[in-house]
$ cat input.cif   # mmCIF, C-alpha atoms
data_query
loop_
_atom_site.label_atom_id
_atom_site.label_comp_id
_atom_site.auth_asym_id
_atom_site.auth_seq_id
_atom_site.Cartn_x
_atom_site.Cartn_y
_atom_site.Cartn_z
CA MET L 19 0.00 0.00 0.00
CA LEU L 20 2.80 2.42 0.85
CA GLY L 21 4.31 1.65 -2.57
CA ALA L 22 1.08 2.63 -4.33
CA LEU L 23 0.91 5.87 -2.35
CA MET L 24 4.55 6.59 -3.24
CA LEU L 25 3.82 6.00 -6.94
CA SER L 26 0.88 8.39 -6.66
CA ALA L 27 3.13 11.06 -5.14
CA PHE L 28 5.67 10.53 -7.92
CA THR L 29 3.00 10.86 -10.62
CA PHE L 30 1.37 13.98 -9.18
CA ASN L 31 4.73 15.72 -8.70
CA THR L 32 5.80 14.81 -12.23
CA ALA L 33 2.52 16.18 -13.58
CA GLU L 34 3.00 19.39 -11.63
CA ASN L 35 6.56 20.07 -12.80
CA LEU L 36 6.65 18.55 -16.30
CA PRO L 37 5.85 21.85 -18.12
CA VAL L 38 9.13 23.25 -16.75
CA GLY L 39 11.11 20.71 -18.78
CA LEU L 40 8.80 20.95 -21.79
CA LEU L 41 8.48 24.75 -21.72
CA ASP L 42 10.23 25.47 -25.03
CA ALA L 43 8.65 22.49 -26.82
CA ILE L 44 5.13 23.53 -25.77
CA SER L 45 5.88 27.14 -26.66
CA ARG L 46 6.92 26.21 -30.20
CA SER L 47 4.13 23.68 -30.75
CA LEU L 48 1.27 25.88 -29.56
CA ARG L 49 2.85 29.14 -30.78
CA VAL L 50 2.72 30.92 -27.46
CA SER L 51 5.51 32.70 -25.56
CA PRO L 52 7.64 30.91 -22.93
CA SER L 53 6.23 33.20 -20.25
CA THR L 54 2.71 32.15 -21.28
CA VAL L 55 3.69 28.49 -20.91
CA GLY L 56 5.17 29.41 -17.54
CA LEU L 57 1.69 30.51 -16.52
CA LEU L 58 0.68 26.83 -16.70
CA VAL L 59 2.65 26.55 -13.46
CA THR L 60 1.02 29.70 -12.07
CA GLY L 61 -2.49 28.50 -12.88
CA TYR L 62 -1.73 25.11 -11.38
CA GLY L 63 -0.38 26.56 -8.16
CA GLY L 64 -3.18 29.10 -7.90
CA THR L 65 -5.82 26.38 -8.29
CA VAL L 66 -4.24 24.24 -5.59
CA ALA L 67 -3.95 27.27 -3.32
CA LEU L 68 -7.62 28.20 -3.71
CA ALA L 69 -9.11 24.70 -3.71
CA SER L 70 -7.17 22.84 -0.99
CA LEU L 71 -9.12 23.94 2.07
CA PRO L 72 -12.61 23.92 0.50
CA LEU L 73 -12.06 20.43 -0.92
CA ALA L 74 -10.66 19.16 2.39
CA HIS L 75 -13.68 20.50 4.27
CA GLY L 76 -16.11 19.17 1.68
CA THR L 77 -14.72 15.63 1.84
CA ARG L 78 -13.82 15.45 5.53
CA ALA L 79 -16.46 12.75 6.21
CA VAL L 80 -15.79 10.66 3.08
CA PRO L 81 -13.72 7.45 3.53
CA ARG L 82 -10.16 8.02 2.36
CA ARG L 83 -10.19 5.10 -0.08
CA HIS L 84 -13.07 6.67 -2.00
CA VAL L 85 -11.38 10.09 -2.01
CA LEU L 86 -8.00 8.81 -3.21
CA THR L 87 -9.63 6.70 -5.91
CA GLY L 88 -11.54 9.74 -7.20
CA LEU L 89 -8.41 11.91 -7.16
CA LEU L 90 -6.43 9.38 -9.16
CA ALA L 91 -9.28 9.02 -11.65
CA ALA L 92 -9.16 12.79 -12.15
CA LEU L 93 -5.37 12.57 -12.68
CA VAL L 94 -5.79 9.87 -15.35
CA LEU L 95 -8.50 11.83 -17.17
CA SER L 96 -6.67 15.17 -17.05
CA SER L 97 -3.44 13.58 -18.32
CA LEU L 98 -5.29 12.15 -21.32
CA LEU L 99 -6.91 15.54 -21.98
CA ALA L 100 -3.51 17.26 -21.84
CA ALA L 101 -2.05 14.70 -24.24
CA SER L 102 -4.83 15.40 -26.74
CA ALA L 103 -4.66 19.22 -26.50
CA ARG L 104 -4.03 21.02 -29.78
CA SER L 105 -4.17 24.57 -28.41
CA TYR L 106 -3.28 26.41 -25.24
CA GLY L 107 -6.82 26.65 -23.81
CA PRO L 108 -7.54 22.90 -23.58
CA LEU L 109 -4.06 22.29 -22.16
CA LEU L 110 -4.65 24.89 -19.47
CA ALA L 111 -8.05 23.34 -18.66
CA ALA L 112 -6.46 19.89 -18.31
CA ARG L 113 -3.78 21.33 -16.03
CA LEU L 114 -6.39 22.93 -13.82
CA LEU L 115 -8.22 19.60 -13.47
CA THR L 116 -4.98 17.94 -12.37
CA ALA L 117 -4.44 20.79 -9.94
CA LEU L 118 -7.88 20.28 -8.41
CA ALA L 119 -6.98 16.64 -7.74
CA GLN L 120 -3.60 17.54 -6.28
CA ALA L 121 -5.22 20.21 -4.10
CA LEU L 122 -6.71 17.43 -2.00
CA PHE L 123 -4.20 14.65 -2.63
CA TRP L 124 -1.44 15.71 -0.21
CA ALA L 125 -3.94 16.54 2.55
CA VAL L 126 -5.49 13.07 2.37
CA MET L 127 -2.48 10.96 1.49
CA GLY L 128 -0.27 12.09 4.42
CA PRO L 129 -2.54 11.01 7.29
CA VAL L 130 -3.44 7.79 5.46
CA ALA L 131 0.20 6.82 5.00
CA VAL L 132 1.49 7.70 8.48
CA GLY L 133 -1.58 6.07 10.05
CA LEU L 134 -0.32 2.72 8.74
CA PHE L 135 2.75 2.94 11.03
CA ALA L 136 3.70 3.70 14.64
CA PRO L 137 3.82 7.42 15.64
CA GLU L 138 7.56 7.35 16.40
CA VAL L 139 8.43 6.65 12.75
CA ARG L 140 6.09 9.16 11.12
CA GLY L 141 9.01 11.31 10.00
CA ARG L 142 10.49 8.39 8.11
CA VAL L 143 7.16 7.62 6.46
CA ILE L 144 6.83 11.25 5.33
CA GLY L 145 10.43 10.94 4.16
CA ALA L 146 9.60 7.88 2.06
CA LEU L 147 6.67 9.66 0.43
CA SER L 148 8.85 12.69 -0.21
CA VAL L 149 11.54 10.51 -1.77
CA ALA L 150 8.90 9.30 -4.19
CA GLY L 151 7.82 12.87 -4.87
CA SER L 152 11.42 13.94 -5.36
CA LEU L 153 11.99 11.14 -7.85
CA ALA L 154 9.70 13.20 -10.07
CA LEU L 155 12.56 15.68 -10.39
CA VAL L 156 15.24 12.99 -10.70
CA LEU L 157 13.41 10.63 -13.03
CA GLY L 158 9.97 11.95 -14.02
CA VAL L 159 10.73 15.45 -15.34
CA PRO L 160 14.10 14.60 -16.96
CA THR L 161 12.63 11.47 -18.60
CA GLY L 162 9.58 13.42 -19.72
CA THR L 163 11.80 16.19 -21.08
CA TRP L 164 13.95 13.68 -22.96
CA LEU L 165 10.95 11.77 -24.30
CA GLY L 166 9.13 14.96 -25.30
CA GLY L 167 12.23 16.23 -27.11
CA ARG L 168 12.58 13.07 -29.15
CA THR L 169 8.90 12.47 -29.87
CA ASP L 170 6.27 15.05 -28.97
CA TRP L 171 5.57 16.82 -25.67
CA ARG L 172 2.16 15.10 -25.55
CA VAL L 173 3.73 11.64 -25.19
CA PRO L 174 5.03 12.12 -21.61
CA MET L 175 1.67 13.68 -20.70
CA ALA L 176 -0.06 10.46 -21.80
CA ALA L 177 2.44 8.35 -19.84
CA LEU L 178 1.22 10.00 -16.63
CA ALA L 179 -2.23 8.49 -17.23
CA VAL L 180 -0.73 4.99 -17.24
CA LEU L 181 1.06 5.53 -13.93
CA GLY L 182 -2.03 7.05 -12.37
CA LEU L 183 -4.19 4.13 -13.47
CA PHE L 184 -1.85 1.62 -11.82
CA SER L 185 -2.03 3.50 -8.49
CA LEU L 186 -5.80 3.87 -8.79
CA VAL L 187 -6.39 0.12 -9.16
CA THR L 188 -4.04 -0.76 -6.29
CA ILE L 189 -5.51 1.72 -3.82
CA ALA L 190 -9.11 0.96 -4.76
CA THR L 191 -8.41 -2.72 -4.14
CA LEU L 192 -6.24 -2.71 -1.01
CA LEU L 193 -6.91 0.41 1.08
CA PRO L 194 -9.39 -0.26 3.93
CA THR L 195 -12.54 1.86 4.24
CA SER L 196 -12.82 3.63 7.61
CA PRO L 197 -14.18 6.95 8.95
CA PRO L 198 -11.51 9.68 8.52
CA GLU L 199 -11.78 10.87 12.15
CA ALA L 200 -10.99 7.35 13.40
CA GLU L 201 -7.61 7.17 11.66
CA PRO L 202 -4.51 7.07 13.93
CA ALA L 203 -3.04 10.30 12.50
CA ALA L 204 -6.28 12.30 12.34
CA TYR L 205 -5.12 14.91 14.90
CA GLY L 206 -1.85 16.72 15.69
CA THR L 207 0.36 15.34 18.47
CA ALA L 208 1.25 18.80 19.91
CA PRO L 209 -1.26 21.43 18.70
CA ASP L 210 0.26 24.93 18.45
CA THR L 211 -1.60 27.66 16.57
CA ARG L 212 1.35 30.09 16.51
CA ARG L 213 3.75 27.49 15.11
CA PHE L 214 1.11 26.46 12.58
CA ALA L 215 0.89 30.05 11.29
CA THR L 216 4.69 30.40 11.19
CA VAL L 217 5.15 27.25 9.11
CA LEU L 218 2.39 28.31 6.69
CA THR L 219 4.00 31.73 6.17
CA ALA L 220 7.53 30.42 5.75
CA GLY L 221 6.37 27.69 3.38
CA ALA L 222 4.55 30.15 1.14
CA LEU L 223 7.53 32.53 1.02
CA SER L 224 10.04 29.76 0.30
CA ALA L 225 7.82 28.31 -2.45
CA ALA L 226 7.45 31.74 -4.03
CA GLY L 227 11.20 32.17 -3.91
CA ALA L 228 11.95 28.75 -5.38
CA PHE L 229 9.53 28.98 -8.30
CA THR L 230 10.36 32.58 -9.20
CA GLY L 231 13.57 31.08 -10.52
CA TYR L 232 12.98 27.33 -10.96
CA THR L 233 10.15 27.81 -13.46
CA TYR L 234 12.76 29.24 -15.85
CA ILE L 235 15.73 27.05 -14.88
CA VAL L 236 16.10 25.60 -18.41
CA ARG L 237 16.42 29.08 -19.85
CA PHE L 238 18.86 30.13 -17.09
CA LEU L 239 21.18 27.18 -17.66
CA GLY L 240 21.23 27.83 -21.41
CA ALA L 241 21.27 31.63 -21.63
CA VAL L 242 23.25 32.53 -18.50
CA SER L 243 25.41 29.50 -17.75
CA GLY L 244 25.98 28.65 -21.43
CA PHE L 245 25.20 24.93 -21.25
CA SER L 246 24.10 23.06 -24.37
CA PRO L 247 20.61 21.49 -24.51
CA GLY L 248 22.10 18.07 -23.90
CA ALA L 249 24.02 19.31 -20.87
CA VAL L 250 20.86 20.96 -19.52
CA ASP L 251 19.11 17.57 -19.64
CA VAL L 252 21.93 16.10 -17.56
CA LEU L 253 21.82 19.02 -15.12
CA LEU L 254 18.08 18.55 -14.61
CA VAL L 255 18.87 14.98 -13.54
CA ALA L 256 21.60 16.32 -11.22
CA PHE L 257 19.14 18.84 -9.77
CA GLY L 258 16.63 16.09 -9.07
CA THR L 259 19.33 13.82 -7.65
CA ALA L 260 20.35 16.57 -5.24
CA CYS L 261 16.69 16.98 -4.27
CA LEU L 262 16.41 13.25 -3.66
CA ALA L 263 19.58 13.23 -1.54
CA GLY L 264 18.33 16.18 0.49
CA VAL L 265 15.01 14.46 1.11
CA GLY L 266 16.72 11.23 2.14
CA ILE L 267 19.03 12.96 4.61
CA THR L 268 16.32 15.20 6.03
CA GLY L 269 13.82 12.35 6.30
CA ALA L 270 16.21 10.41 8.54
CA LEU L 271 16.42 13.38 10.93
CA LEU L 272 12.80 14.60 10.91
CA ASP L 273 11.62 12.64 13.93
CA ARG L 274 14.46 14.03 16.09
CA PHE L 275 14.87 17.58 14.75
CA PRO L 276 11.61 18.71 13.07
CA ARG L 277 12.11 22.46 13.62
CA ALA L 278 15.81 22.56 12.71
CA ALA L 279 15.16 20.48 9.58
CA LEU L 280 12.77 23.07 8.15
CA THR L 281 14.93 26.09 8.98
CA THR L 282 18.08 24.45 7.57
CA ALA L 283 16.36 23.49 4.31
CA VAL L 284 15.05 27.03 3.77
CA ALA L 285 18.48 28.53 4.51
CA VAL L 286 20.20 26.20 2.02
CA GLN L 287 17.65 27.12 -0.64
CA ALA L 288 18.39 30.83 -0.11
CA VAL L 289 22.13 30.26 -0.46
CA GLY L 290 21.65 28.21 -3.63
CA MET L 291 19.42 30.75 -5.39
CA LEU L 292 21.49 33.79 -4.46
CA GLY L 293 24.61 31.91 -5.47
CA LEU L 294 23.14 31.16 -8.90
CA CYS L 295 22.30 34.83 -9.34
CA ALA L 296 25.79 35.94 -8.33
CA SER L 297 27.94 33.37 -10.14
CA GLY L 298 25.66 31.33 -12.38
CA ALA L 299 27.45 32.61 -15.50
CA HIS L 300 30.38 30.35 -14.60
CA PRO L 301 29.74 26.62 -15.15
CA VAL L 302 31.34 25.17 -12.00
CA PRO L 303 29.70 27.53 -9.47
CA ALA L 304 26.45 27.18 -11.41
CA VAL L 305 26.48 23.41 -10.89
CA VAL L 306 27.35 23.77 -7.19
CA PHE L 307 24.60 26.27 -6.42
CA LEU L 308 22.13 24.37 -8.60
CA ALA L 309 22.79 21.30 -6.45
CA LEU L 310 22.26 23.30 -3.26
CA THR L 311 18.95 24.65 -4.55
CA GLY L 312 17.83 21.17 -5.58
CA GLY L 313 19.00 19.70 -2.29
CA ALA L 314 16.68 22.07 -0.41
CA LEU L 315 13.58 22.19 -2.63
CA GLY L 316 12.11 18.82 -1.62
CA PRO L 317 13.05 18.96 2.08
CA VAL L 318 11.30 22.32 2.58
CA PHE L 319 7.86 20.98 1.69
CA MET L 320 8.52 17.63 3.38
CA ALA L 321 9.58 19.23 6.67
CA ALA L 322 6.59 21.59 6.59
CA GLN L 323 4.21 18.65 6.01
CA HIS L 324 5.73 16.80 8.95
CA GLU L 325 5.34 19.87 11.16
CA MET L 326 1.62 19.93 10.30
CA LEU L 327 1.24 16.43 11.77
CA ILE L 328 2.67 17.80 15.02
CA CYS L 329 1.31 21.35 15.39
CA ALA L 330 -2.07 21.03 13.64
CA PRO L 331 -4.61 22.86 15.85
CA GLY L 332 -7.40 20.54 14.63
CA ARG L 333 -7.66 17.73 12.07
CA THR L 334 -4.37 16.98 10.33
CA ASP L 335 -6.00 16.67 6.91
CA ILE L 336 -7.30 20.25 7.22
CA ALA L 337 -3.87 21.46 8.39
CA LEU L 338 -2.13 19.66 5.54
CA ALA L 339 -4.61 21.14 3.08
CA ALA L 340 -3.85 24.61 4.47
CA ASN L 341 -0.12 23.93 4.12
CA SER L 342 -0.51 22.67 0.56
CA GLY L 343 -2.66 25.67 -0.27
CA ALA L 344 -0.15 28.12 1.19
CA TYR L 345 2.77 26.42 -0.54
CA ASN L 346 1.03 26.38 -3.89
CA ALA L 347 -0.03 30.00 -3.48
CA GLY L 348 3.68 30.64 -3.18
CA ILE L 349 4.36 28.58 -6.32
CA ALA L 350 1.75 30.55 -8.26
CA ALA L 351 3.06 33.88 -7.00
CA GLY L 352 6.65 32.89 -7.75
CA ALA L 353 5.95 31.70 -11.28
CA ALA L 354 3.94 34.88 -11.94
CA LEU L 355 6.70 37.07 -10.53
CA GLY L 356 9.24 35.29 -12.72
CA ALA L 357 7.01 35.85 -15.75
CA LEU L 358 6.91 39.58 -14.93
CA ILE L 359 10.67 39.82 -14.43
CA LEU L 360 11.61 37.83 -17.55
CA PRO L 361 10.67 40.49 -20.17
CA LEU L 362 12.16 43.30 -18.09
CA ALA L 363 15.48 41.86 -16.97
CA ASP L 364 17.93 39.03 -17.46
CA VAL L 365 16.59 35.69 -16.17
CA ARG L 366 19.25 36.05 -13.47
CA GLY L 367 17.01 38.68 -11.93
CA ALA L 368 14.37 36.03 -11.29
CA PHE L 369 16.87 34.11 -9.16
CA LEU L 370 17.79 37.25 -7.24
CA ALA L 371 14.14 37.89 -6.42
CA GLY L 372 13.66 34.24 -5.50
CA GLY L 373 16.69 34.23 -3.22
CA LEU L 374 15.47 37.33 -1.40
CA LEU L 375 12.01 35.84 -0.86
CA THR L 376 13.57 32.66 0.51
CA THR L 377 15.75 34.72 2.85
CA GLY L 378 12.54 36.28 4.14
CA ALA L 379 11.14 32.81 4.85
CA CYS L 380 14.27 31.94 6.82
CA ALA L 381 13.93 35.16 8.84
CA VAL L 382 10.33 34.24 9.76
CA LEU L 383 11.42 30.85 11.10
CA LEU L 384 14.40 32.23 13.00
CA ALA L 385 12.29 34.96 14.60
CA GLU L 386 9.81 32.37 15.86
CA SER L 387 12.65 30.18 17.18
CA ILE L 388 14.12 33.12 19.09
CA ARG L 389 10.70 33.84 20.62
CA VAL L 390 10.30 30.24 21.76
CA GLY L 391 13.88 30.06 23.02
#
$ encode --input "input.cif" --output "C-alpha cells"
Amino acid sequence: MLGALMLSAFTFNTAENLPVGLLDAISRSLRVSPSTVGLLVTGYGGTVALASLPLAHGTRAVPRRHVLTGLLAALVLSSLLAASARSYGPLLAARLLTALAQALFWAVMGPVAVGLFAPEVRGRVIGALSVAGSLALVLGVPTGTWLGGRTDWRVPMAALAVLGLFSLVTIATLLPTSPPEAEPAAYGTAPDTRRFATVLTAGALSAAGAFTGYTYIVRFLGAVSGFSPGAVDVLLVAFGTACLAGVGITGALLDRFPRAALTTAVAVQAVGMLGLCASGAHPVPAVVFLALTGGALGPVFMAAQHEMLICAPGRTDIALAANSGAYNAGIAAGAALGALILPLADVRGAFLAGGLLTTGACAVLLAESIRVG
C-alpha cells in the first residue's frame, strides 16, 4: 500500500513540474511565448492554493479510499486531456483539473500513510513519500523532457495516465474503508496555533522564492550558464538527484529535529538561489549552487508537512490542506513574478528575487525560534 501511495506522489509531482522541462517544446508547438507556458505553473499553483481547504472541508467525512480513488481518476482523465490538446486553452483546462486533484491529494495521502505505522516513525514515512515525490525531479521530469524532445511533448503527458491508473487500481483494491476521524493520525500530536501560522508563512515565502527562478531554470542554464541542450538535460537529472539526496538525509532526521530540519532546508535554498544569481554565469559555481537549490527544494515541503502532523490545531488533513494551499499559493506567485521579471530583466534577476524571498522565509522561522527560546 505504501508503494502505491509513493507512486501516486511521484506521478502527481511529475505532472506538476513537467511543463518546466517541456516549456520550449510547448511554446513552439502551440505558438505561445515561454512566459505564457510558464503561466501553466502559475495556474496550477493558484488552483491548488484556492481549492485545498474547500475540498478538504467538503470531503472530511468521506472514507479516504473513495477520495483517493476519485483523485487518481481525475489525474488519469486530465493527463489524457492534456495529451490530446491542440491549443493552449484545452491544455490549461487539463492542467487545472490535475491541480484540483492535487489540491486534496497531499492533505489526504499524508494522514493515510502515516496512520499505517507507529507514531515514532512518522518522519520516516513522510520521508519515504517525499523521496517518491522527489523522484519526479530525478526521473519523471528529466525522462519526460527527454521523451518529449525526441517524440512530442504530448507523449510524456499520456504516460502520466498509465502511472495514475496503476495507483488507482491498487488503492481501490487494497486500502481499507474507515471513517476519517478514526484514523490514527487524524489529529496533531502537539497542537500549536502560533507554530502552525509560522510554518504556513515560511512555506509560502520559500515556495514563491523557489519557483520565481525554478520555473525558468532551463532558460537560465542555457542563456546565463551557457550549457548546451544536452548538458541541460543532464543538469536537470543532477538537480533532481540533489533533491532526492536532500530528502533522504532530512527524512532520517525529521523525527528528532523537526524544527531545525525546516529552517536548515530554507536557509540552504536561499544560499543556492542567491549563489546562482551571483555566479551562475560560470559553469562550476552554477552546478554547485544548482545542487544546493535542488537539495533544499524537496526537504522544505517535506519538513513543513511533517510539522503539520505535530502542530495542527485541529484535524491533520485540514492542516495539511492549508499547508498545501499556502505552498502552492507561493508557487503561483513565484511563477507569476518570474514571468513579470523575464521580459524586463535578465533571467538572473528572477533568481535574485527568488533568493530574497527565501531569505525572508528563513527570517520568519528564526524569529519564531528566538521567541520560543
$ resolve_selection --input "input.cif" --expression "the PyMOL selection byres ((chain L and resi 23-40) around 8)" --output "ChimeraX atom specification"
/L:19-22,41-44,55-56,58-59,62,90,93,116-117,120,127,131,146-148,150-155,158-160,162-163,166-167,171,175,178,181-182,185,189,233-236
$ residues_around --input "input.cif" --residues "Ala111 (chain L)" --least-positions-apart "6" --cutoff "9 Å" --atoms "only C-alpha atoms" --output "number ranges by chain"
L: 96, 99-100
$ residues_around --input "input.cif" --residues "Gly373 (chain L)" --least-positions-apart "6" --cutoff "12 Å" --atoms "only C-alpha atoms" --output "number ranges by chain"
L: 223-232, 284-296, 307, 311, 352, 366-367, 379-380
$ atom_distance --input "input.cif" --atom1 "CA of Val382 (chain L)" --atom2 "CA of Gly221 (chain L)"
10.0 Å
$ closest_residue --input "input.cif" --among "L:Ser246, L:Ser47, L:Ser297, L:Thr219" --to "Leu370 (chain L)" --atoms "only C-alpha atoms"
L:Ser297
$ closest_residue --input "input.cif" --among "L:Leu262, L:Val132, L:Ile144, L:Leu118" --to "Asn346 (chain L)" --atoms "all atoms listed in the file"
L:Leu118
$ resolve_selection --input "input.cif" --expression "the PyMOL selection byres ((chain L and resi 91) around 10)" --output "number ranges by chain"
L: 85-90, 92-97, 116, 119, 179, 182-183, 185-187
$ resolve_selection --input "input.cif" --expression "the PyMOL selection byres ((chain L and resi 272) around 12)" --output "ChimeraX atom specification"
/L:138-146,148,264-271,273-283,317-318,320-325,327-328
$ residues_around --input "input.cif" --residues "Cys261 (chain L)" --least-positions-apart "4" --cutoff "6 Å" --atoms "only C-alpha atoms" --output "PyMOL selection string"
chain L and resi 312-313+316
$ closest_residue --input "input.cif" --among "L:Val66, L:Ala353, L:Val80, L:Val252" --to "Arg113 (chain L)" --atoms "all atoms listed in the file"
L:Val66
$ closest_residue --input "input.cif" --among "L:Thr259, L:Thr54, L:Thr169, L:Thr334" --to "Thr207 (chain L)" --atoms "only C-alpha atoms"
L:Thr334
$ atom_distance --input "input.cif" --atom1 "CA of Gly348 (chain L)" --atom2 "CA of Thr60 (chain L)"
9.3 Å
